[in-house]
file coords.cif (mmCIF, C-alpha atoms)
data_my_file
loop_
_atom_site.label_atom_id
_atom_site.label_comp_id
_atom_site.auth_asym_id
_atom_site.auth_seq_id
_atom_site.Cartn_x
_atom_site.Cartn_y
_atom_site.Cartn_z
CA MET A 174 16.28 -0.80 -19.36
CA ASN A 175 14.84 1.12 -16.41
CA ILE A 176 11.72 -1.05 -15.92
CA PHE A 177 12.13 -4.73 -15.04
CA ILE A 178 8.85 -6.70 -15.09
CA CYS A 179 8.82 -10.02 -13.26
CA GLY A 180 5.96 -12.48 -13.47
CA GLU A 181 5.31 -15.91 -12.01
CA ALA A 182 6.08 -18.78 -14.39
CA TRP A 183 5.59 -19.81 -18.01
CA GLY A 184 2.12 -20.70 -19.20
CA ARG A 185 1.47 -23.08 -22.07
CA GLU A 186 2.13 -20.45 -24.77
CA GLU A 187 5.25 -19.16 -23.00
CA GLU A 188 6.61 -22.68 -22.74
CA LYS A 189 6.23 -23.15 -26.49
CA ALA A 190 7.92 -19.83 -27.25
CA ARG A 191 10.36 -20.16 -24.33
CA ALA A 192 9.72 -16.48 -23.63
CA PRO A 193 7.63 -14.61 -21.04
CA PHE A 194 4.22 -13.00 -21.63
CA VAL A 195 3.41 -14.20 -25.13
CA GLY A 196 -0.08 -15.63 -24.47
CA GLY A 197 -3.29 -14.01 -23.30
CA SER A 198 -1.63 -12.58 -20.20
CA GLY A 199 1.10 -11.07 -22.35
CA TYR A 200 -1.42 -9.47 -24.69
CA GLU A 201 -3.25 -7.89 -21.75
CA LEU A 202 0.04 -6.78 -20.20
CA THR A 203 0.98 -4.99 -23.43
CA LYS A 204 -2.34 -3.15 -23.52
CA MET A 205 -2.10 -2.05 -19.87
CA LEU A 206 1.48 -0.85 -20.33
CA LYS A 207 0.42 1.20 -23.36
CA GLU A 208 -2.44 2.79 -21.39
CA ALA A 209 0.09 3.70 -18.68
CA GLY A 210 2.39 5.35 -21.24
CA ILE A 211 4.99 2.56 -21.22
CA HIS A 212 6.34 0.82 -24.33
CA ARG A 213 6.70 -2.90 -23.75
CA ALA A 214 9.88 -2.92 -25.83
CA ASP A 215 11.46 -0.57 -23.28
CA CYS A 216 10.96 -3.11 -20.47
CA HIS A 217 12.87 -6.22 -19.49
CA LEU A 218 10.40 -9.10 -19.09
CA THR A 219 11.03 -12.28 -17.15
CA ASN A 220 9.55 -14.71 -14.63
CA VAL A 221 10.54 -16.09 -11.27
CA PHE A 222 10.39 -19.58 -12.77
CA ASN A 223 11.28 -20.08 -16.42
CA LEU A 224 9.30 -23.28 -16.55
CA HIS A 225 5.67 -24.34 -16.88
CA PRO A 226 4.12 -25.99 -13.81
CA PRO A 227 1.63 -28.63 -15.02
CA SER A 228 -1.87 -27.12 -15.21
CA ASN A 229 -0.32 -23.85 -13.95
CA ASP A 230 -0.36 -25.45 -10.51
CA LEU A 231 2.38 -23.90 -8.35
CA SER A 232 2.00 -26.65 -5.78
CA PHE A 233 4.09 -28.82 -8.15
CA LEU A 234 7.03 -26.65 -7.06
CA CYS A 235 6.30 -26.89 -3.35
CA GLY A 236 6.85 -29.27 -0.48
CA PRO A 237 7.28 -29.36 3.30
CA LYS A 238 9.46 -26.92 5.23
CA ASP A 239 12.37 -29.35 5.58
CA LYS A 240 12.66 -29.44 1.76
CA ALA A 241 12.38 -25.65 1.34
CA ILE A 242 14.75 -23.03 -0.02
CA PRO A 243 16.48 -21.66 3.11
CA GLY A 244 15.44 -18.19 4.21
CA TYR A 245 12.14 -18.07 2.31
CA PRO A 246 8.68 -18.17 3.89
CA LYS A 247 5.65 -20.05 2.60
CA LEU A 248 4.58 -19.30 -0.94
CA LEU A 249 1.17 -20.95 -0.80
CA ARG A 250 -1.60 -19.84 1.53
CA GLY A 251 -4.54 -21.64 3.10
CA ASN A 252 -6.84 -21.35 0.09
CA ASP A 253 -4.10 -22.75 -2.18
CA LYS A 254 -4.23 -26.13 -0.47
CA SER A 255 -6.98 -27.20 -2.86
CA PHE A 256 -4.35 -27.49 -5.62
CA HIS A 257 -4.41 -30.96 -7.08
CA HIS A 258 -0.75 -31.66 -6.38
CA TYR A 259 -0.56 -29.95 -2.96
CA THR A 260 2.19 -31.45 -0.77
CA GLY A 261 3.34 -28.37 1.18
CA ASP A 262 3.54 -24.59 1.31
CA TYR A 263 7.27 -24.04 0.66
CA VAL A 264 9.13 -23.87 -2.66
CA ARG A 265 11.50 -26.82 -2.78
CA ALA A 266 15.25 -26.26 -2.67
CA ASP A 267 15.74 -27.93 -6.06
CA PHE A 268 14.23 -24.80 -7.63
CA LEU A 269 16.86 -22.52 -6.06
CA PRO A 270 18.69 -22.25 -9.44
CA GLU A 271 15.66 -20.38 -10.81
CA LEU A 272 16.03 -17.71 -8.12
CA GLU A 273 19.76 -17.52 -8.78
CA ARG A 274 19.04 -17.00 -12.48
CA LEU A 275 16.55 -14.24 -11.61
CA SER A 276 19.14 -12.62 -9.35
CA ASN A 277 21.71 -12.63 -12.15
CA GLU A 278 19.17 -11.06 -14.53
CA LEU A 279 18.47 -8.26 -12.06
CA ILE A 280 22.15 -7.53 -11.53
CA GLU A 281 22.84 -7.55 -15.28
CA VAL A 282 19.90 -5.29 -16.21
CA ASP A 283 20.28 -3.05 -13.11
CA PRO A 284 16.83 -1.43 -13.46
CA ASN A 285 15.52 1.62 -11.65
CA VAL A 286 12.30 -0.19 -10.69
CA VAL A 287 11.17 -3.81 -10.61
CA VAL A 288 7.45 -4.40 -11.16
CA ALA A 289 6.53 -7.57 -9.28
CA LEU A 290 3.45 -9.07 -10.91
CA GLY A 291 1.58 -11.13 -8.35
CA ASN A 292 2.38 -12.92 -5.12
CA THR A 293 5.06 -15.23 -6.53
CA ALA A 294 7.22 -12.36 -7.78
CA LEU A 295 6.62 -10.46 -4.54
CA TRP A 296 7.64 -13.58 -2.59
CA ALA A 297 10.82 -14.06 -4.61
CA LEU A 298 11.97 -10.46 -4.25
CA THR A 299 10.81 -9.50 -0.75
CA ALA A 300 9.75 -12.73 1.00
CA LYS A 301 6.21 -11.31 1.35
CA THR A 302 2.98 -12.61 -0.17
CA THR A 303 0.37 -9.96 0.60
CA ILE A 304 -0.03 -8.46 -2.85
CA SER A 305 -3.43 -6.90 -2.08
CA LYS A 306 -1.92 -4.92 0.83
CA LEU A 307 1.42 -4.00 -0.74
CA ARG A 308 0.51 -3.31 -4.35
CA GLY A 309 1.31 0.19 -5.46
CA CYS A 310 3.83 0.80 -2.66
CA THR A 311 7.56 0.94 -3.29
CA LEU A 312 9.78 -1.27 -1.16
CA LEU A 313 13.30 -2.68 -1.34
CA SER A 314 14.07 -6.20 -2.46
CA THR A 315 15.53 -8.20 0.41
CA HIS A 316 15.82 -11.61 -1.24
CA CYS A 317 17.02 -12.87 -4.58
CA ALA A 318 19.06 -9.75 -5.42
CA SER A 319 18.74 -7.24 -2.60
CA GLY A 320 18.57 -3.45 -2.80
CA PHE A 321 16.37 -3.02 -5.87
CA LYS A 322 13.25 -0.84 -5.79
CA VAL A 323 10.17 -3.04 -6.11
CA LEU A 324 6.64 -1.97 -7.03
CA PRO A 325 4.13 -4.83 -6.71
CA THR A 326 0.88 -5.05 -8.63
CA TYR A 327 -1.54 -7.70 -9.84
CA HIS A 328 -0.55 -10.31 -12.43
CA PRO A 329 -2.36 -10.04 -15.80
CA ALA A 330 -3.59 -13.63 -15.38
CA ALA A 331 -5.33 -12.61 -12.15
CA ILE A 332 -6.80 -9.58 -13.92
CA LEU A 333 -8.25 -11.78 -16.68
CA ARG A 334 -10.04 -13.72 -13.92
CA GLN A 335 -11.03 -10.62 -11.92
CA TRP A 336 -11.53 -7.74 -14.33
CA ASN A 337 -12.15 -5.09 -11.65
CA LEU A 338 -8.43 -5.29 -10.78
CA ARG A 339 -7.44 -3.93 -14.18
CA PRO A 340 -7.76 -0.16 -13.55
CA ILE A 341 -5.77 -0.60 -10.34
CA ALA A 342 -2.94 -2.29 -12.24
CA VAL A 343 -2.94 0.47 -14.87
CA ILE A 344 -2.60 3.08 -12.11
CA ASP A 345 0.29 1.07 -10.65
CA PHE A 346 2.02 0.93 -14.04
CA GLN A 347 1.66 4.71 -14.28
CA LYS A 348 3.41 4.95 -10.94
CA ALA A 349 6.08 2.54 -12.18
CA ALA A 350 6.73 4.89 -15.09
CA ARG A 351 7.30 7.75 -12.62
CA GLU A 352 9.50 5.58 -10.42
CA SER A 353 11.60 4.46 -13.39
CA THR A 354 13.33 7.84 -13.56
CA HIS A 355 15.42 7.10 -10.45
CA PRO A 356 16.63 4.00 -8.59
CA GLU A 357 16.14 5.32 -5.04
CA ILE A 358 13.05 5.07 -2.90
CA ILE A 359 12.28 8.70 -2.10
CA ARG A 360 9.93 9.12 0.83
CA PRO A 361 8.35 12.51 1.53
CA ILE A 362 9.67 14.32 4.59
CA ARG A 363 7.00 14.74 7.26
CA GLU A 364 6.97 16.48 10.62
CA ILE A 365 4.32 14.92 12.85
CA TRP A 366 3.81 15.97 16.44
CA ILE A 367 2.75 13.01 18.56
CA GLU A 368 1.92 12.62 22.24
CA PRO A 369 1.50 16.41 22.65
CA THR A 370 0.85 18.35 25.80
CA LEU A 371 -1.86 21.01 25.85
CA GLU A 372 0.89 23.59 25.47
CA ASP A 373 2.16 21.71 22.39
CA ILE A 374 -1.29 21.86 20.82
CA TYR A 375 -1.53 25.62 21.31
CA GLU A 376 2.03 26.08 20.03
CA PHE A 377 1.34 24.00 16.90
CA HIS A 378 -1.77 26.08 16.28
CA ARG A 379 0.14 29.35 16.68
CA LEU A 380 2.99 28.28 14.41
CA TYR A 381 1.21 26.36 11.66
CA ILE A 382 -2.61 26.54 11.76
CA ALA A 383 -3.31 30.20 12.46
CA GLY A 384 -3.78 31.98 9.15
CA VAL A 385 -3.83 28.95 6.81
CA GLN A 386 -6.64 28.54 4.31
CA LEU A 387 -7.09 24.76 4.53
CA ILE A 388 -6.43 22.05 7.11
CA SER A 389 -6.96 18.29 6.90
CA VAL A 390 -8.83 16.51 9.67
CA ASP A 391 -9.01 12.79 10.38
CA ILE A 392 -10.26 10.74 13.31
CA GLU A 393 -9.66 7.17 14.46
CA THR A 394 -12.45 5.46 16.36
CA SER A 395 -13.10 2.42 18.50
CA GLY A 396 -16.68 1.57 19.34
CA ARG A 397 -18.36 4.84 20.31
CA HIS A 398 -15.10 6.58 21.18
CA ILE A 399 -12.68 8.77 19.27
CA THR A 400 -9.22 7.38 20.02
CA CYS A 401 -7.27 10.19 18.33
CA LEU A 402 -7.71 13.15 16.02
CA GLY A 403 -5.17 14.29 13.46
CA ILE A 404 -4.84 17.78 12.03
CA GLY A 405 -2.69 18.47 8.98
CA ALA A 406 -1.56 22.04 8.54
CA SER A 407 0.25 21.38 5.26
CA GLN A 408 1.43 18.50 3.10
CA SER A 409 4.42 17.98 5.37
CA ARG A 410 3.30 18.93 8.87
CA ALA A 411 0.61 17.54 11.19
CA ILE A 412 -0.27 16.94 14.82
CA VAL A 413 -1.96 13.87 16.31
CA ILE A 414 -4.04 14.47 19.45
CA PRO A 415 -4.65 11.19 21.30
CA PHE A 416 -7.49 10.40 23.67
CA ARG A 417 -6.72 6.74 24.27
CA ASP A 418 -3.19 5.80 25.36
CA GLY A 419 -1.63 3.72 22.58
CA LYS A 420 0.85 2.18 25.00
CA ARG A 421 -1.89 1.19 27.44
CA LEU A 422 -4.95 0.37 25.38
CA GLY A 423 -8.20 1.42 26.99
CA ARG A 424 -6.56 4.01 29.28
CA ASN A 425 -7.13 7.72 28.87
CA TYR A 426 -4.20 9.64 27.41
CA TRP A 427 -4.97 12.83 29.36
CA PRO A 428 -4.22 12.65 33.10
CA ASP A 429 -7.43 14.34 34.26
CA ALA A 430 -10.89 15.20 32.95
CA GLU A 431 -10.40 18.96 33.17
CA LEU A 432 -7.38 18.85 30.87
CA GLU A 433 -9.23 16.65 28.37
CA ARG A 434 -12.20 19.05 28.39
CA GLU A 435 -9.85 21.90 27.52
CA VAL A 436 -8.45 19.90 24.61
CA TRP A 437 -11.95 19.18 23.30
CA SER A 438 -12.83 22.85 23.76
CA TYR A 439 -9.93 23.74 21.45
CA ILE A 440 -11.07 21.17 18.86
CA ARG A 441 -14.68 22.34 19.09
CA GLU A 442 -13.65 25.93 18.40
CA LEU A 443 -11.31 25.00 15.55
CA LEU A 444 -13.78 22.72 13.75
CA GLY A 445 -16.79 24.90 14.48
CA ASN A 446 -15.25 27.91 12.77
CA PRO A 447 -15.80 28.08 8.97
CA SER A 448 -12.19 29.23 8.58
CA PRO A 449 -9.89 27.52 7.86
CA ARG A 450 -11.66 25.21 5.43
CA LYS A 451 -11.49 21.50 6.26
CA LEU A 452 -10.33 18.58 4.14
CA PHE A 453 -11.55 15.07 5.06
CA GLN A 454 -11.26 11.49 3.80
CA ASN A 455 -14.84 10.17 3.85
CA GLY A 456 -15.89 13.23 5.80
CA LEU A 457 -19.50 12.09 6.12
CA TYR A 458 -18.27 9.46 8.58
CA ASP A 459 -15.98 11.77 10.55
CA ILE A 460 -18.41 14.69 10.71
CA ALA A 461 -21.31 12.53 11.85
CA PHE A 462 -19.14 10.73 14.42
CA LEU A 463 -17.85 14.01 15.87
CA TRP A 464 -21.44 15.15 16.32
CA ARG A 465 -22.67 11.89 17.84
CA ALA A 466 -19.71 11.33 20.14
CA MET A 467 -18.86 14.89 21.23
CA GLY A 468 -21.64 17.17 20.00
CA ILE A 469 -19.17 19.00 17.72
CA ILE A 470 -20.65 20.71 14.67
CA VAL A 471 -18.10 20.91 11.85
CA ARG A 472 -18.28 24.03 9.70
CA GLY A 473 -16.25 24.77 6.60
CA ALA A 474 -15.97 21.17 5.38
CA ALA A 475 -14.91 21.98 1.83
CA GLU A 476 -13.01 19.03 0.33
CA ASP A 477 -13.04 15.23 0.55
CA THR A 478 -10.18 13.16 -0.89
CA MET A 479 -12.34 10.05 -1.20
CA LEU A 480 -15.00 11.84 -3.23
CA LEU A 481 -12.42 13.71 -5.32
CA HIS A 482 -10.71 10.43 -6.21
CA TYR A 483 -14.05 8.76 -6.90
CA SER A 484 -14.88 11.49 -9.42
CA LEU A 485 -11.60 10.73 -11.23
CA GLN A 486 -11.55 6.93 -10.88
CA PRO A 487 -15.08 5.72 -10.07
CA GLU A 488 -14.17 2.14 -10.94
CA SER A 489 -11.25 1.84 -8.50
CA LEU A 490 -10.90 1.50 -4.74
CA LYS A 491 -11.17 4.63 -2.62
CA GLY A 492 -9.86 3.74 0.87
CA LEU A 493 -7.15 5.90 2.38
CA GLY A 494 -4.49 3.20 2.07
CA PHE A 495 -5.26 2.83 -1.64
CA LEU A 496 -5.17 6.58 -2.23
CA GLY A 497 -1.86 6.76 -0.42
CA SER A 498 -0.39 4.12 -2.73
CA VAL A 499 -1.60 6.00 -5.82
CA TYR A 500 -0.97 9.66 -4.99
CA THR A 501 1.97 9.57 -2.59
CA ASP A 502 5.38 7.98 -2.26
CA GLU A 503 4.67 6.72 1.24
CA GLY A 504 5.18 3.10 2.16
CA SER A 505 2.31 0.87 3.23
CA TRP A 506 1.71 2.60 6.56
CA LYS A 507 -1.19 0.30 7.48
CA ASP A 508 1.38 -2.50 7.86
CA MET A 509 3.58 -0.40 10.17
CA ARG A 510 1.19 -0.52 13.12
CA LYS A 511 2.61 -2.31 16.13
CA PHE A 512 -0.68 -2.89 17.89
CA LYS A 513 -4.31 -3.43 17.13
CA GLY A 514 -7.50 -2.21 18.70
CA THR A 515 -8.33 0.92 16.71
CA LYS A 516 -11.08 0.62 14.16
CA ARG A 517 -11.38 2.98 11.24
CA ASP A 518 -13.89 3.11 8.40
CA ASP A 519 -12.34 4.96 5.47
#
call {"tool": "encode", "arguments": {"input": "coords.cif", "output": "structure tokens"}}
result
Amino acid sequence: MNIFICGEAWGREEEKARAPFVGGSGYELTKMLKEAGIHRADCHLTNVFNLHPPSNDLSFLCGPKDKAIPGYPKLLRGNDKSFHHYTGDYVRADFLPELERLSNELIEVDPNVVVALGNTALWALTAKTTISKLRGCTLLSTHCASGFKVLPTYHPAAILRQWNLRPIAVIDFQKAARESTHPEIIRPIREIWIEPTLEDIYEFHRLYIAGVQLISVDIETSGRHITCLGIGASQSRAIVIPFRDGKRLGRNYWPDAELEREVWSYIRELLGNPSPRKLFQNGLYDIAFLWRAMGIIVRGAAEDTMLLHYSLQPESLKGLGFLGSVYTDEGSWKDMRKFKGTKRDD
């Protein structure tokens, strides 16, 4: 089977049947899989823990760090400490056999993609617990059985409590169907020019922008300032023009004011010309900010990825990170940043 679906633990109905996803969560899972074009019978279904924690309270499995399974981080977070049986954040070492059983299942099935339903499955496979940030993005399993392609999404039980998560999970299952055709994580190849000189900017324009019909434009801001501006000449090639030095936050990237004025003069001419047409993500924000901060009038703003997605999926999220997880094979680039200080409103 090419799709391996891993949940959290048995509920009351699963415990009776001694099988995963046979209760209300299982019924909802079946419906979402069908909407995504996946037959449940074509998937291998399992849980991290083939047992039923009393009252579905995962804190029954947890304890202090000195009792924990070696090499695993906390499973529970701050808001989980209200669990009735809370005694610690870490899964106790006496439940290690459950992870070993899960590892053996993965090796035996050898799927092309593992759908991790919820934080517990994400924790078991990757030692991460940020499902809301990582859902929809492919990553490699590093724990349990390493080297498998993992696609996290929300658990059906969470969806039954928070119904607005459902369309997101269906989109993720559609992506899982696409990812099930191959075991590798295939990232798109990009060429991005960073830390350019003025000569680099003119060279990029000559080689890749001159003559194209459409460019993408995106700004990052901090307070009243534009910290950088990105220009995409194609799906695979872009340039990032900085104005604040990322290595020395708060310092100007350009060595003197005259050079920076020349850079802004280039941007003003490019964006003020109706051709090429411009593609934005939430362009109302970028266009207004460019006018307020630099007096630049943008002409030829023709497309907006946020609005285009909203017309297709009005009930789902529309931030750039979400759109990247749905429409591209990129990783979660928001988690790759090595420093903070840049604010962006998608």
call {"tool": "resolve_selection", "arguments": {"input": "coords.cif", "expression": "the PyMOL selection byres ((chain A and resi 496) around 12)", "output": "PyMOL selection string"}}
result
chain A and resi 308-310+341+344-345+454-455+478-483+485-486+489-495+497-506+519
call {"tool": "atom_distance", "arguments": {"input": "coords.cif", "atom1": "CA of Arg379 in chain A", "atom2": "CA of His398 in chain A"}}
result
27.8 Å
call {"tool": "closest_residue", "arguments": {"input": "coords.cif", "among": "A:Glu208, A:Glu188, A:Asp391, A:Asp262", "to": "Asn229 in chain A", "atoms": "all atoms listed in the file"}}
result
A:Glu188
call {"tool": "closest_residue", "arguments": {"input": "coords.cif", "among": "A:Asn285, A:Gly320, A:Glu181, A:Trp366", "to": "Arg351 in chain A", "atoms": "all atoms listed in the file"}}
result
A:Asn285
call {"tool": "resolve_selection", "arguments": {"input": "coords.cif", "expression": "the PyMOL selection byres ((chain A and resi 289-300) around 7)", "output": "list in words"}}
result
Ile178, Cys179, Gly180, Glu181, Val221, Tyr245, Pro246, Leu248, Val287, Val288, Lys301, Thr302, Thr303, Ile304, Ser314, Thr315, His316, Cys317, Val323, Leu324, Pro325, Thr326, Tyr327 and His328 of chain A
call {"tool": "residues_around", "arguments": {"input": "coords.cif", "residues": "His217 in chain A", "least_positions_apart": "2", "cutoff": "12 Å", "atoms": "only C-alpha atoms", "output": "VMD selection string"}}
result
chain A and resid 174 to 180 192 to 194 211 to 215 219 to 220 275 278 to 279 281 to 288
call {"tool": "atom_distance", "arguments": {"input": "coords.cif", "atom1": "CA of Arg274 in chain A", "atom2": "CA of Lys207 in chain A"}}
result
28.2 Å
call {"tool": "residues_around", "arguments": {"input": "coords.cif", "residues": "Leu463 in chain A", "least_positions_apart": "2", "cutoff": "12 Å", "atoms": "all atoms listed in the file", "output": "PyMOL selection string"}}
result
chain A and resi 390-394+397-402+437+440-441+444-445+456-461+465-472
call {"tool": "closest_residue", "arguments": {"input": "coords.cif", "among": "A:Leu371, A:Ser353, A:Ile332, A:Arg185", "to": "Ser438 in chain A", "atoms": "all atoms listed in the file"}}
result
A:Leu371
call {"tool": "resolve_selection", "arguments": {"input": "coords.cif", "expression": "the PyMOL selection byres ((chain A and resi 386) around 7)", "output": "list in words"}}
result
Gly384, Val385, Leu387, Pro449 and Arg450 of chain A
call {"tool": "closest_residue", "arguments": {"input": "coords.cif", "among": "A:Gly473, A:Pro340, A:Gly244, A:Pro227", "to": "Ala209 in chain A", "atoms": "all atoms listed in the file"}}
result
A:Pro340
call {"tool": "atom_distance", "arguments": {"input": "coords.cif", "atom1": "CA of Cys216 in chain A", "atom2": "CA of Leu202 in chain A"}}
result
11.5 Å
call {"tool": "axis_aligned_box", "arguments": {"input": "coords.cif", "around": "range 312-319 of chain A", "padding_each_side": "4 Å", "output": "JSON"}}
result
{"center_x": 14.4, "center_y": -7.1, "center_z": -2.5, "size_x": 17.3, "size_y": 19.6, "size_z": 13.8}
call {"tool": "residues_around", "arguments": {"input": "coords.cif", "residues": "Glu476 in chain A", "least_positions_apart": "5", "cutoff": "7 Å", "atoms": "all atoms listed in the file", "output": "ChimeraX atom specification"}}
result
/A:451-453
call {"tool": "residues_around", "arguments": {"input": "coords.cif", "residues": "Val436 in chain A", "least_positions_apart": "2", "cutoff": "12 Å", "atoms": "only C-alpha atoms", "output": "list in words"}}
result
Pro369, Thr370, Leu371, Glu372, Asp373, Ile374, Tyr375, Cys401, Leu402, Ile414, Pro415, Phe416, Tyr426, Trp427, Pro428, Asp429, Ala430, Glu431, Leu432, Glu433, Arg434, Ser438, Tyr439, Ile440, Arg441, Glu442 and Leu443 of chain A
call {"tool": "closest_residue", "arguments": {"input": "coords.cif", "among": "A:Asp477, A:Ser484, A:Met205, A:Ala266", "to": "Leu234 in chain A", "atoms": "all atoms listed in the file"}}
result
A:Ala266
